[in-house]
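Printed here is target30.tsv (TSV, C-alpha atoms and all ligand atoms):
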chain	number	residue	atom	x	y	z
A	78	MET	CA	-3.99	-1.61	11.61
A	79	GLY	CA	-5.47	1.68	10.57
A	80	GLY	CA	-8.68	-0.06	9.62
A	81	MET	CA	-11.56	1.88	8.15
A	82	HIS	CA	-15.21	0.94	8.21
A	83	LEU	CA	-17.36	0.76	5.10
A	84	ASP	CA	-20.70	2.30	5.97
A	85	GLU	CA	-24.01	1.93	4.22
A	86	THR	CA	-24.91	4.96	2.13
A	87	ALA	CA	-27.46	5.88	-0.49
A	88	TYR	CA	-25.28	4.03	-3.01
A	89	VAL	CA	-23.81	1.17	-0.92
A	90	ARG	CA	-25.96	-1.51	0.66
A	91	ILE	CA	-24.79	-4.41	2.74
A	92	VAL	CA	-26.10	-7.75	1.55
A	93	PRO	CA	-28.38	-8.91	4.39
A	94	ALA	CA	-26.93	-12.42	4.43
A	95	ASP	CA	-23.48	-10.97	5.14
A	96	ALA	CA	-24.49	-8.23	7.54
A	97	ALA	CA	-23.87	-10.12	10.78
A	98	GLY	CA	-20.58	-9.62	12.55
A	99	ASP	CA	-19.77	-6.30	10.88
A	100	VAL	CA	-17.14	-7.78	8.55
A	101	ARG	CA	-16.78	-4.45	6.79
A	102	TRP	CA	-13.38	-3.18	7.81
A	103	GLY	CA	-10.42	-2.71	5.53
A	104	LEU	CA	-7.36	-0.69	4.73
A	105	GLU	CA	-8.26	2.87	3.82
A	106	PRO	CA	-7.31	2.47	0.14
A	107	LEU	CA	-9.66	-0.52	-0.21
A	108	VAL	CA	-12.60	0.99	1.62
A	109	ALA	CA	-12.25	4.30	-0.15
A	110	MET	CA	-11.93	2.53	-3.51
A	111	VAL	CA	-15.16	0.60	-2.97
A	112	ASP	CA	-16.87	3.85	-2.03
A	113	ARG	CA	-15.48	5.69	-5.06
A	114	ALA	CA	-16.34	2.85	-7.44
A	115	ALA	CA	-19.91	2.63	-6.15
A	116	ARG	CA	-20.30	6.37	-6.68
A	117	ALA	CA	-18.77	6.14	-10.14
A	118	VAL	CA	-21.26	3.47	-11.19
A	119	ARG	CA	-24.10	5.56	-9.80
A	120	ARG	CA	-22.93	8.61	-11.74
A	121	GLN	CA	-23.03	6.57	-14.91
A	122	PHE	CA	-26.29	4.79	-14.05
A	123	PRO	CA	-28.43	6.98	-11.79
A	124	ASP	CA	-29.91	5.44	-8.66
A	125	THR	CA	-27.66	2.38	-8.83
A	126	ILE	CA	-26.86	0.80	-5.50
A	127	THR	CA	-23.79	-1.40	-5.00
A	128	SER	CA	-24.20	-4.55	-2.90
A	129	VAL	CA	-21.27	-5.35	-0.65
A	130	GLY	CA	-20.61	-8.49	1.38
A	131	HIS	CA	-17.59	-9.18	3.53
A	132	LEU	CA	-14.43	-7.16	3.80
A	133	SER	CA	-12.43	-7.96	6.96
A	134	ARG	CA	-13.18	-7.95	10.67
A	135	GLU	CA	-12.17	-4.97	12.73
A	136	GLY	CA	-8.51	-5.53	13.46
A	137	GLY	CA	-8.33	-8.35	10.91
A	138	GLY	CA	-7.92	-12.05	11.48
A	139	GLU	CA	-9.88	-15.13	10.58
A	140	VAL	CA	-13.25	-14.74	8.94
A	141	GLU	CA	-15.58	-17.70	8.77
A	142	ARG	CA	-16.04	-19.20	5.27
A	143	HIS	CA	-13.04	-17.32	3.90
A	144	ARG	CA	-9.42	-18.25	3.45
A	145	SER	CA	-8.51	-14.65	2.92
A	146	HIS	CA	-10.28	-11.44	4.00
A	147	GLU	CA	-7.85	-11.32	6.95
A	148	SER	CA	-5.69	-8.31	6.29
A	149	GLY	CA	-8.02	-5.61	5.02
A	150	ARG	CA	-7.18	-5.94	1.34
A	151	ASP	CA	-10.13	-8.08	0.23
A	152	ALA	CA	-13.74	-7.19	-0.50
A	153	ASP	CA	-16.69	-9.19	-1.80
A	154	ILE	CA	-19.00	-7.20	-4.06
A	155	GLY	CA	-22.26	-8.58	-5.39
A	156	PHE	CA	-23.08	-8.52	-9.06
A	157	TYR	CA	-25.51	-5.91	-10.29
A	158	ALA	CA	-28.69	-7.63	-11.41
A	159	ARG	CA	-31.41	-6.25	-13.64
A	160	SER	CA	-34.89	-7.18	-14.74
A	161	ALA	CA	-35.76	-7.77	-18.39
A	162	ASN	CA	-36.67	-4.08	-18.70
A	163	GLY	CA	-33.45	-2.88	-17.08
A	164	ARG	CA	-34.60	-2.11	-13.54
A	165	GLN	CA	-32.03	-2.92	-10.84
A	166	LEU	CA	-32.94	-5.94	-8.72
A	167	PHE	CA	-31.72	-6.82	-5.24
A	168	ALA	CA	-31.43	-10.12	-3.41
A	169	SER	CA	-30.82	-10.88	0.24
A	170	HIS	CA	-27.69	-12.88	-0.62
A	171	PHE	CA	-25.25	-13.34	-3.49
A	172	VAL	CA	-26.92	-15.13	-6.41
A	173	PRO	CA	-25.03	-17.22	-9.00
A	174	PHE	CA	-25.36	-16.23	-12.65
A	175	ARG	CA	-24.76	-18.45	-15.64
A	176	ALA	CA	-22.86	-17.82	-18.85
A	177	ASN	CA	-26.06	-16.68	-20.60
A	178	GLY	CA	-26.56	-13.98	-17.99
A	179	ALA	CA	-29.57	-15.57	-16.33
A	180	ALA	CA	-29.74	-16.87	-12.77
A	181	ALA	CA	-31.03	-20.39	-12.23
A	182	GLY	CA	-32.30	-19.55	-8.78
A	183	TRP	CA	-33.70	-16.13	-9.55
A	184	PRO	CA	-36.17	-16.13	-12.47
A	185	GLY	CA	-36.37	-12.80	-14.25
A	186	ALA	CA	-32.97	-11.56	-13.02
A	187	TYR	CA	-30.09	-10.99	-15.39
A	188	PHE	CA	-26.40	-10.21	-14.98
A	189	ASP	CA	-26.11	-6.50	-15.74
A	190	ASP	CA	-23.11	-6.37	-18.07
A	191	ALA	CA	-22.99	-2.58	-18.28
A	192	LYS	CA	-23.00	-1.91	-14.56
A	193	ASN	CA	-20.73	-4.80	-13.68
A	194	TRP	CA	-18.22	-3.61	-16.25
A	195	ALA	CA	-18.55	-0.05	-14.98
A	196	LEU	CA	-17.61	-1.25	-11.51
A	197	ILE	CA	-14.57	-3.13	-12.80
A	198	ALA	CA	-13.47	-0.12	-14.84
A	199	ALA	CA	-13.90	2.23	-11.90
A	200	MET	CA	-11.81	0.01	-9.63
A	201	LEU	CA	-9.07	-0.46	-12.21
A	202	ASN	CA	-8.97	3.30	-12.76
A	203	ASP	CA	-8.95	4.10	-9.05
A	204	SER	CA	-6.69	6.98	-8.15
A	205	GLU	CA	-5.33	5.38	-4.99
A	206	ALA	CA	-5.74	1.62	-4.75
A	207	ARG	CA	-4.20	-0.82	-7.18
A	208	VAL	CA	-6.36	-3.87	-7.80
A	209	THR	CA	-4.33	-7.06	-8.19
A	210	HIS	CA	-7.11	-9.66	-8.36
A	211	VAL	CA	-10.78	-9.81	-9.18
A	212	PHE	CA	-12.00	-13.35	-8.78
A	213	VAL	CA	-14.95	-14.03	-11.02
A	214	ALA	CA	-16.19	-17.11	-12.84
A	215	ALA	CA	-14.72	-17.58	-16.31
A	216	PRO	CA	-18.03	-17.29	-18.24
A	217	LEU	CA	-18.87	-14.00	-16.50
A	218	ARG	CA	-15.35	-12.72	-17.08
A	219	ALA	CA	-15.85	-13.50	-20.76
A	220	ARG	CA	-19.18	-11.62	-20.77
A	221	LEU	CA	-17.56	-8.56	-19.26
A	222	LEU	CA	-14.62	-8.53	-21.63
A	223	ALA	CA	-16.95	-8.99	-24.60
A	224	TYR	CA	-19.13	-6.16	-23.36
A	225	ALA	CA	-16.08	-3.91	-22.97
A	226	GLU	CA	-14.96	-4.69	-26.51
A	227	ARG	CA	-18.44	-4.02	-27.92
A	228	SER	CA	-18.53	-0.75	-26.01
A	229	GLY	CA	-15.27	0.49	-27.48
A	230	VAL	CA	-13.31	0.44	-24.22
A	231	PRO	CA	-9.65	1.21	-25.00
A	232	VAL	CA	-7.42	-1.83	-25.38
A	233	PRO	CA	-5.10	-1.10	-22.43
A	234	LEU	CA	-7.99	-1.14	-19.96
A	235	ARG	CA	-9.40	-4.32	-21.47
A	236	VAL	CA	-5.97	-5.99	-21.29
A	237	ARG	CA	-5.60	-4.99	-17.67
A	238	ALA	CA	-9.09	-6.26	-16.88
A	239	ALA	CA	-8.31	-9.55	-18.59
A	240	GLU	CA	-5.18	-9.91	-16.47
A	241	VAL	CA	-6.85	-9.02	-13.19
A	242	MET	CA	-10.12	-10.93	-13.58
A	243	GLN	CA	-9.53	-14.60	-12.97
A	244	GLN	CA	-11.49	-17.63	-11.93
A	245	PRO	CA	-9.57	-18.82	-8.87
A	246	ARG	CA	-7.99	-22.22	-8.56
A	247	GLY	CA	-8.76	-24.40	-5.60
A	248	ALA	CA	-11.82	-22.41	-4.63
A	249	LEU	CA	-15.40	-21.95	-5.67
A	250	PRO	CA	-15.73	-20.36	-9.11
A	251	HIS	CA	-17.12	-17.02	-7.90
A	252	ASP	CA	-20.21	-17.02	-10.07
A	253	ASP	CA	-22.18	-15.01	-7.52
A	254	HIS	CA	-19.88	-12.12	-6.60
A	255	PHE	CA	-16.60	-10.38	-7.30
A	256	HIS	CA	-13.81	-10.98	-4.83
A	257	VAL	CA	-11.53	-7.97	-5.11
A	258	ARG	CA	-8.02	-7.72	-3.69
A	259	ILE	CA	-5.83	-4.65	-3.72
A	260	ALA	CA	-2.04	-4.50	-3.64
A	261	CYS	CA	-0.13	-3.62	-0.52
A	262	PRO	CA	-0.24	0.17	-0.26
A	263	ALA	CA	3.14	1.60	-1.28
A	264	HIS	CA	3.88	3.02	2.15
A	265	MET	CA	3.17	-0.21	4.06
A	266	GLY	CA	6.63	-1.64	4.49
A	267	GLY	CA	5.54	-4.77	6.35
A	268	CYS	CA	2.77	-5.76	3.97
A	269	VAL	CA	3.23	-9.17	2.33
A	270	GLU	CA	1.95	-8.97	-1.22
A	271	ASN	CA	1.35	-12.66	-1.70
A	272	PRO	CA	1.94	-14.77	1.40
A	273	MET	CA	1.91	-17.96	-0.68
A	274	LEU	CA	5.18	-16.80	-2.25
A	275	ARG	CA	6.74	-15.53	0.94
A	276	PRO	CA	10.44	-16.41	1.38
A	277	ARG	CA	11.42	-18.45	4.41
A	278	SER	CA	13.47	-15.75	6.09
A	279	PRO	CA	11.75	-12.42	6.56
A	280	ALA	CA	13.33	-9.30	5.16
A	281	PRO	CA	15.41	-7.38	7.72
A	282	LEU	CA	13.57	-4.62	9.49
A	283	HIS	CA	14.25	-1.05	8.57
A	284	PRO	CA	16.60	0.52	11.19
A	285	MET	CA	13.93	3.01	12.20
A	286	VAL	CA	11.53	0.14	12.67
A	287	ALA	CA	13.98	-1.88	14.72
A	288	ALA	CA	14.44	1.14	16.96
A	289	GLY	CA	10.75	1.07	17.65
A	290	ARG	CA	10.02	4.53	16.37
A	291	ARG	CA	6.36	5.30	16.13
A	292	GLY	CA	4.93	7.44	13.41
A	293	PRO	CA	1.79	9.51	13.30
A	294	ALA	CA	-1.63	8.02	12.76
A	295	PRO	CA	-1.66	6.01	9.56
A	296	TYR	CA	-4.15	8.11	7.68
A	297	GLY	CA	-5.47	11.61	7.62
A	298	PRO	CA	-9.07	12.64	8.06
A	299	GLY	CA	-11.46	10.78	5.80
A	300	VAL	CA	-13.56	12.50	3.22
A	301	PHE	CA	-16.12	9.73	3.05
A	302	PRO	CA	-18.74	8.66	5.57
A	303	LEU	CA	-16.38	6.07	7.02
A	304	ARG	CA	-15.54	5.17	10.58
A	305	ARG	CA	-12.07	4.41	11.85
A	306	SER	CA	-11.08	1.80	14.32
A	307	PRO	CA	-9.19	2.84	17.42
A	308	PRO	CA	-5.52	1.94	17.40
A	309	PRO	CA	-4.91	-1.69	18.35
A	310	PRO	CA	-3.66	-2.47	21.85
A	311	LEU	CA	0.02	-3.17	22.29
A	312	ALA	CA	0.91	-6.82	22.45
A	313	PRO	CA	4.08	-8.66	23.46
A	314	ALA	CA	6.78	-8.66	20.82
A	315	HIS	CA	7.54	-11.81	18.92
A	316	SER	CA	11.00	-13.19	18.30
A	317	PRO	CA	13.63	-10.82	16.88
A	318	GLY	CA	13.28	-10.32	13.18
A	319	ASN	CA	9.65	-11.23	13.25
A	320	SER	CA	7.60	-8.48	11.73
A	321	HIS	CA	5.23	-7.78	14.57
A	322	PRO	CA	2.42	-5.34	13.86
A	323	ASN	CA	3.27	-3.07	16.76
A	324	GLU	CA	6.98	-2.96	16.00
A	325	SER	CA	7.12	-2.67	12.30
A	326	ARG	CA	5.69	0.70	11.51
A	327	ASP	CA	8.17	2.52	9.37
A	328	GLU	CA	9.14	6.14	9.69
A	329	THR	CA	6.20	7.24	7.60
A	330	GLY	CA	3.89	5.85	10.25
A	331	ALA	CA	2.39	3.38	7.83
A	332	PRO	CA	0.88	0.24	9.27
A	333	PRO	CA	2.05	-3.08	7.87
A	334	ALA	CA	-0.32	-5.79	6.80
A	335	SER	CA	1.58	-8.47	8.62
A	336	ILE	CA	-1.38	-10.79	8.88
A	337	VAL	CA	-0.73	-13.12	6.03
A	338	ALA	CA	-3.62	-14.30	3.94
A	339	PRO	CA	-3.73	-16.52	0.90
A	340	VAL	CA	-5.11	-14.91	-2.19
A	341	ASP	CA	-7.50	-17.73	-2.89
A	342	ASP	CA	-10.88	-17.32	-1.35
A	343	ALA	CA	-12.99	-20.31	-0.46
A	344	ASP	CA	-16.21	-18.52	0.25
A	345	GLY	CA	-17.67	-18.75	-3.20
B	401	ZN	ZN	-14.11	-13.06	-0.98
Transcribe the structure of this file into structure tokens.
Ligand SMILES: [Zn+2]
Amino acid sequence: MGGMHLDETAYVRIVPADAAGDVRWGLEPLVAMVDRAARAVRRQFPDTITSVGHLSREGGGEVERHRSHESGRDADIGFYARSANGRQLFASHFVPFRANGAAAGWPGAYFDDAKNWALIAAMLNDSEARVTHVFVAAPLRARLLAYAERSGVPVPLRVRAAEVMQQPRGALPHDDHFHVRIACPAHMGGCVENPMLRPRSPAPLHPMVAAGRRGPAPYGPGVFPLRRSPPPPLAPAHSPGNSHPNESRDETGAPPASIVAPVDDADG
């Protein structure tokens, strides 16, 4: 609910292999964060373009090849690649990189430590969204943390990056892109932070929610070149106590992320 579209810009490109199906919708904090982070990297490294893959489908729900990406809080972002002389390189799909920074399937391309770290730092410092997970292969995580240390990045940011960047369990190692997940926005009462840990009985609805009060549109006018989805159609209510998307807006008008999604991502 309240989905926002991530558009291509001078500084955001959609990876051609992931362009079909327009899987580029997300909660406003996620979409705006990706936009802000891409601009931040470009400010630091002029002419840089950020490669984005899948977010979520319009309205959410299942996305092929993913176990998450269902509730608008997940985004796949390609690694920045460079040539030996530092020029940015682009591929038509995500390309795996090895611990030494080279890519077996892409001769002459190297993992760009500086830009990839800049993206991580920008997302962790985002003014609105709070990143809870960045899935990335362990050797690349180690490269980024080593780069940050060499570069004199303050310890608190490096500690936070070390906590957030993880190689996922039970999924592909993510050696060809970052999978980024943000926390439930503070105002989204129905959002389930980690569905894998969800208690058996749902929390009671807020009285205002139970009364079916509707709030204003979830978000104000956007400042970025982003499109909004129309409000979702009303659907029949589920059993009492079930947090249905159309019944569980709280008095602030915030949409819940009631579509549960595991954190792990199987897309690789
Ligand atoms: Zn993903």
Residues within 12 Å of ligand ZN 401 (chain B) (all atoms listed in the file), as a count of residues only?
48
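Residues with any atom within 10 Å of Gly182 of chain A, counting only C-alpha atoms and excluding same-chain neighbours fewer than 6 positions away, are A:Val172, A:Pro173, A:Phe174.
For the atom pair formed by atom CA of Glu240 of chain A and atom CA of Leu196 of chain A, the distance is 15.9 Å, given to one decimal.
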Quick one: everything within 10 Å of Ile197 of chain A, counting all atoms listed in the file, minus sequence neighbours fewer than 4 positions away in the same chain. Send it as a VMD selection string.
chain A and resid 114 118 192 to 193 201 to 203 208 211 221 234 238 241 to 242 255 257
Counting only C-alpha atoms, write as a PyMOL selection string all protein and nucleic acid residues lying at most 10 Å from (-26.7, 2.0, 0.6) in the file's frame.
chain A and resi 84-92+115+125-129
So, counting all atoms listed in the file, which residue among A:Ala219, A:Ala206, A:Ala239, A:Met81 is closest to Gly136 of chain A?
A:Met81
Show me the residues close to (-4.5, -0.2, -5.3) - anything with an atom within 9 Å, counting all atoms listed in the file - and format the list as a PyMOL selection string.
chain A and resi 106-107+110+200-201+203-209+258-263
Need the shell around Asp189 of chain A: protein/DNA/RNA residues with any atom at most 9 Å away, counting all atoms listed in the file. Skip same-chain ones fewer than 6 positions apart. Format as a list of chain:residue names?
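Those residues are A:Phe156, A:Tyr157, A:Ala158, A:Arg159, A:Ser160, A:Gly163, A:Gln165, A:Gly178.
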Between atom CA of Ser169 of chain A and atom CA of Pro93 of chain A - distance in Å to one decimal:
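Atom-to-atom, atom CA of Pro93 of chain A and atom CA of Ser169 of chain A are spaced 5.2 Å apart.
Counting all atoms listed in the file and comparing A:Ala215, A:Met265, A:Ala223, A:Leu104, the residue that lies closest to Ser148 of chain A is A:Leu104.
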